[in-house]
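J.: Structure in structure tokens, see below.
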Amino acid sequence: MIELIHLVKRFGDLTAVDDISLSVPRGEFFAVLGPNAAGKTTTIKILTGLIKPTSGIARVGGFDVQTHPLEARRRMAFVPDFPFLYEKLTPWEFFRFTGQLFQMDDARIQSAGRELITRFNLEAYVNKPIEGLSHGTRQRVAIVSALLHDPEVFVIDEPMVGLDPHHARVVKDILKERSLAGMTVFLSTHQLSVAEEMADRIGIIHQGRLVAAGTRDELRRQSGASGPLEKTFLALTAQEANLVEEKGPTRENSPS
């Protein structure tokens with residue numbers, strides 16, 4: 001469902017994404033980890049069509065995001081770490097607006113919306129202006145609106161930002177359920193515990209490069225570090241940093 005083929009993104013002299021290739025099949029829950037300024041968010045912005053790559057291709061459902069943007073976006077939903085919402089609307093008005101963008105009829109919007117509103121405990125907020133809602137509540141509204149049209153691919157950047165433990169659990173549960181039902185999940189996070197608990201495979205991006213990708217056991221074998229994912233992550237990023245140091249400074253990275 002997701003294909004990244006030799007992606008490169010430069011901002012002047014800064015190389016944010018450095019020749020990343022990756023394939024994520026239908027129904028896989030794929031988590032991306034990396035230090036600050038590793039290139040995770042830049043990669044996501046290319047995947048979702050928000051910025052153009054310097055070179056390389058990003059495909060969703062077989063459609064090139066740059067040459068067939070409508071076909072790619074029709075199959076995808078994206079929730080950034082700080083989502084934009086129309087603050088003068090109520091959550092319910094925003095859900096209807098989102099559903100109509102994806103050509104959902106009112107009956108389907110009502111059915112899917114009510115189920116998700118209940119699941120995310122938004123009943124008390126659906127008729128209040130979004131501008132008066134807390135960050136955590138806005139995050140739940142953004143996730144509901146993204147799930148409303150039952151996307152084939154769900155891309156989410158730091159999903160737990162602002163969420164209390166109860167609603168973080170709700171997000172984990174529903175993303176895993178949807179993934180098991182066939183939705184491809186591409187999740188970027190700094191929380192290693194989320195990746196370790198949820199992901200079928202994990203990718204580690206460091207200094208713009210995909211330094212490793214695989215199951216938890218495969219990453220442990222590659223790193224030579226046993227124990228929790230934290231040790232694996234630190235070992236792999238340290239190995240990459242040592243390789244770059246040996247080669248000498250060839251580039252810098254933009255913020256992720």
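Residues in the structure tokens are named by chain (A, B, ... in the order shown) and by number from 1 within that chain; ligands are numbered from 1 in the order shown.
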Kindly provide the residues of segment 9-48 of chain A that approach segment 218-239 of chain A to within 9 Å, each paired with its closest atom pair and their distance in Å to one decimal, based on only C-alpha atoms, listed by chain and increasing number, as a tab-separated table.
T.:
residue	atom	partner	partner_atom	distance
A:Leu33	CA	A:Phe233	CA	8.2
A:Gly34	CA	A:Thr237	CA	8.2
A:Pro35	CA	A:Thr237	CA	8.4
J.: Rounded to one decimal place, report the atom CA of Glu177 of chain A-atom CA of Arg26 of chain A distance in Å.
T.: 13.7 Å
J.: Using DSSP on the backbone, list every residue of segment 9-228 of chain A that comes out as helix (DSSP H, G or I), and give them as a VMD selection string.
T.: chain A and resid 40 to 47 69 to 74 91 to 101 106 to 119 130 to 132 135 to 147 165 to 180 192 to 198 216 to 223
J.: For the structure I just gave you, how does DSSP split segment 69-100 of chain A - specifically, which residues are strand (DSSP E or B)? Reply as a PyMOL selection string.
T.: chain A and resi 76-79
J.: Can you write out the residues you just picked, keeping N, CA and C atoms, as a compact mmCIF listing (two decimals), in the first residue's frame?
T.:
# COMPACT_ATOMS: atom_id res chain seq x y z
N MET A 76 -6.23 7.67 1.62
CA MET A 76 -5.36 7.94 2.75
C MET A 76 -6.00 8.94 3.71
N ALA A 77 -5.58 8.85 4.98
CA ALA A 77 -5.90 9.87 5.97
C ALA A 77 -4.61 10.24 6.69
N PHE A 78 -4.51 11.49 7.11
CA PHE A 78 -3.28 11.97 7.77
C PHE A 78 -3.65 12.82 8.97
N VAL A 79 -3.03 12.52 10.12
CA VAL A 79 -3.19 13.33 11.32
C VAL A 79 -1.79 13.78 11.76
J.: Output as a tab-separated table one row per residue of segment 54-87 of chain A within 10 Å of segment 92-108 of chain A: the closest atom pair and its distance in Å to one decimal place, counting only C-alpha atoms, sorted by chain and residue number ascending.
T.:
residue	atom	partner	partner_atom	distance
A:Arg73	CA	A:Phe102	CA	9.7
A:Arg74	CA	A:Phe102	CA	7.0
A:Arg75	CA	A:Phe102	CA	9.5
A:Leu85	CA	A:Phe94	CA	7.9
A:Tyr86	CA	A:Phe94	CA	7.2
A:Glu87	CA	A:Phe94	CA	9.2
J.: So that I can check the surroundings of Gly56 of chain A, please list as a PDB file with N, CA and C atoms, in the first residue's frame every protein, DNA and RNA residue that reaches within 7 Å of it, counting only C-alpha atoms and ignoring chain neighbours fewer than 5 positions away.
T.:
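Done, and the output landed in out12.pdb:
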ATOM      1  N   ILE A   5      10.442   5.103  -2.786  1.00  0.00           N
ATOM      2  CA  ILE A   5      11.481   4.614  -3.693  1.00  0.00           C
ATOM      3  C   ILE A   5      12.567   5.683  -3.851  1.00  0.00           C
ATOM      4  N   HIS A   6      13.693   5.454  -3.215  1.00  0.00           N
ATOM      5  CA  HIS A   6      14.867   6.340  -3.315  1.00  0.00           C
ATOM      6  C   HIS A   6      14.488   7.812  -3.060  1.00  0.00           C
ATOM      7  N   LEU A   7      13.749   8.034  -1.987  1.00  0.00           N
ATOM      8  CA  LEU A   7      13.328   9.402  -1.672  1.00  0.00           C
ATOM      9  C   LEU A   7      14.504  10.243  -1.178  1.00  0.00           C
ATOM     10  N   VAL A   8      14.589  11.439  -1.724  1.00  0.00           N
ATOM     11  CA  VAL A   8      15.574  12.431  -1.292  1.00  0.00           C
ATOM     12  C   VAL A   8      14.860  13.765  -1.166  1.00  0.00           C
TER      13      VAL A   8
END
J.: Atom CA of Glu196 of chain A to atom CA of Thr215 of chain A: how many Å, to one decimal?
T.: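 Atom CA of Thr215 of chain A lies 9.4 Å from atom CA of Glu196 of chain A.
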J.: Write out as a PDB file with C-alpha atoms, in the first residue's frame the residues lying within 12 Å of segment 157-173 of chain A, counting only C-alpha atoms and excluding same-chain residues fewer than 3 positions away.
T.:
ATOM      1  CA  PHE A  29       1.197  -1.546  11.363  1.00  0.00           C
ATOM      2  CA  ALA A  31       6.095   2.514  13.239  1.00  0.00           C
ATOM      3  CA  VAL A  32       8.894   4.966  12.487  1.00  0.00           C
ATOM      4  CA  LEU A  33      11.336   5.954  15.211  1.00  0.00           C
ATOM      5  CA  GLY A  34      14.167   8.444  15.165  1.00  0.00           C
ATOM      6  CA  LYS A  40      10.659  11.486  10.069  1.00  0.00           C
ATOM      7  CA  THR A  41       8.204  14.334   9.591  1.00  0.00           C
ATOM      8  CA  THR A  42       9.771  15.376   6.291  1.00  0.00           C
ATOM      9  CA  THR A  43       9.304  11.817   5.039  1.00  0.00           C
ATOM     10  CA  ILE A  44       5.659  11.899   6.137  1.00  0.00           C
ATOM     11  CA  LYS A  45       5.096  15.233   4.398  1.00  0.00           C
ATOM     12  CA  THR A  48       1.110  12.722   2.165  1.00  0.00           C
ATOM     13  CA  ALA A  77      -5.903   9.875   5.973  1.00  0.00           C
ATOM     14  CA  PHE A  78      -3.285  11.966   7.766  1.00  0.00           C
ATOM     15  CA  VAL A  79      -3.186  13.334  11.318  1.00  0.00           C
ATOM     16  CA  PRO A  80      -0.158  15.553  12.092  1.00  0.00           C
ATOM     17  CA  ASP A  81       1.130  16.155  15.607  1.00  0.00           C
ATOM     18  CA  PHE A  82      -0.639  19.539  15.686  1.00  0.00           C
ATOM     19  CA  PRO A  83      -3.632  19.143  13.347  1.00  0.00           C
ATOM     20  CA  LEU A 116     -16.492   7.005  16.570  1.00  0.00           C
ATOM     21  CA  ILE A 117     -17.891   9.828  18.713  1.00  0.00           C
ATOM     22  CA  THR A 118     -18.971   7.272  21.298  1.00  0.00           C
ATOM     23  CA  ARG A 119     -15.677   5.393  21.089  1.00  0.00           C
ATOM     24  CA  PHE A 120     -13.681   8.578  21.670  1.00  0.00           C
ATOM     25  CA  ASN A 121     -16.021   9.960  24.369  1.00  0.00           C
ATOM     26  CA  LEU A 122     -16.822  13.113  22.402  1.00  0.00           C
ATOM     27  CA  SER A 134      -8.572  21.509  24.856  1.00  0.00           C
ATOM     28  CA  HIS A 135      -5.629  20.237  22.839  1.00  0.00           C
ATOM     29  CA  GLY A 136      -6.352  16.640  23.785  1.00  0.00           C
ATOM     30  CA  THR A 137      -9.985  16.948  22.728  1.00  0.00           C
ATOM     31  CA  ARG A 138      -8.955  18.548  19.440  1.00  0.00           C
ATOM     32  CA  GLN A 139      -6.596  15.645  18.851  1.00  0.00           C
ATOM     33  CA  ARG A 140      -9.480  13.208  19.310  1.00  0.00           C
ATOM     34  CA  VAL A 141     -11.615  15.247  16.903  1.00  0.00           C
ATOM     35  CA  ALA A 142      -8.829  15.129  14.306  1.00  0.00           C
ATOM     36  CA  ILE A 143      -8.438  11.362  14.644  1.00  0.00           C
ATOM     37  CA  VAL A 144     -12.189  10.766  14.360  1.00  0.00           C
ATOM     38  CA  LEU A 147     -11.012   7.626  10.418  1.00  0.00           C
ATOM     39  CA  PHE A 154      -3.674   5.925   7.905  1.00  0.00           C
ATOM     40  CA  LYS A 176      -4.710  -1.957  15.950  1.00  0.00           C
ATOM     41  CA  GLU A 177      -8.266  -3.141  15.217  1.00  0.00           C
ATOM     42  CA  ARG A 178      -8.328  -1.284  11.909  1.00  0.00           C
ATOM     43  CA  SER A 179      -4.897  -2.617  11.004  1.00  0.00           C
ATOM     44  CA  LEU A 180      -5.982  -6.193  11.660  1.00  0.00           C
ATOM     45  CA  VAL A 185      -0.939   2.236   9.545  1.00  0.00           C
ATOM     46  CA  PHE A 186       2.183   4.397   9.194  1.00  0.00           C
ATOM     47  CA  LEU A 187       2.943   5.914  12.589  1.00  0.00           C
ATOM     48  CA  SER A 188       5.773   8.210  13.620  1.00  0.00           C
ATOM     49  CA  THR A 189       6.551   8.476  17.312  1.00  0.00           C
ATOM     50  CA  HIS A 190       9.242   9.247  19.882  1.00  0.00           C
ATOM     51  CA  GLN A 191       7.584   6.837  22.304  1.00  0.00           C
ATOM     52  CA  LEU A 192       9.444   3.569  21.978  1.00  0.00           C
ATOM     53  CA  SER A 193       6.864   1.826  24.169  1.00  0.00           C
ATOM     54  CA  VAL A 194       4.114   2.610  21.627  1.00  0.00           C
ATOM     55  CA  ALA A 195       6.153   1.170  18.762  1.00  0.00           C
ATOM     56  CA  GLU A 196       7.144  -1.907  20.757  1.00  0.00           C
ATOM     57  CA  GLU A 197       3.556  -2.601  21.810  1.00  0.00           C
ATOM     58  CA  MET A 198       1.750  -1.848  18.554  1.00  0.00           C
ATOM     59  CA  ALA A 199       3.931  -2.277  15.487  1.00  0.00           C
ATOM     60  CA  SER A 256      12.029  16.439  11.450  1.00  0.00           C
TER      61      SER A 256
END
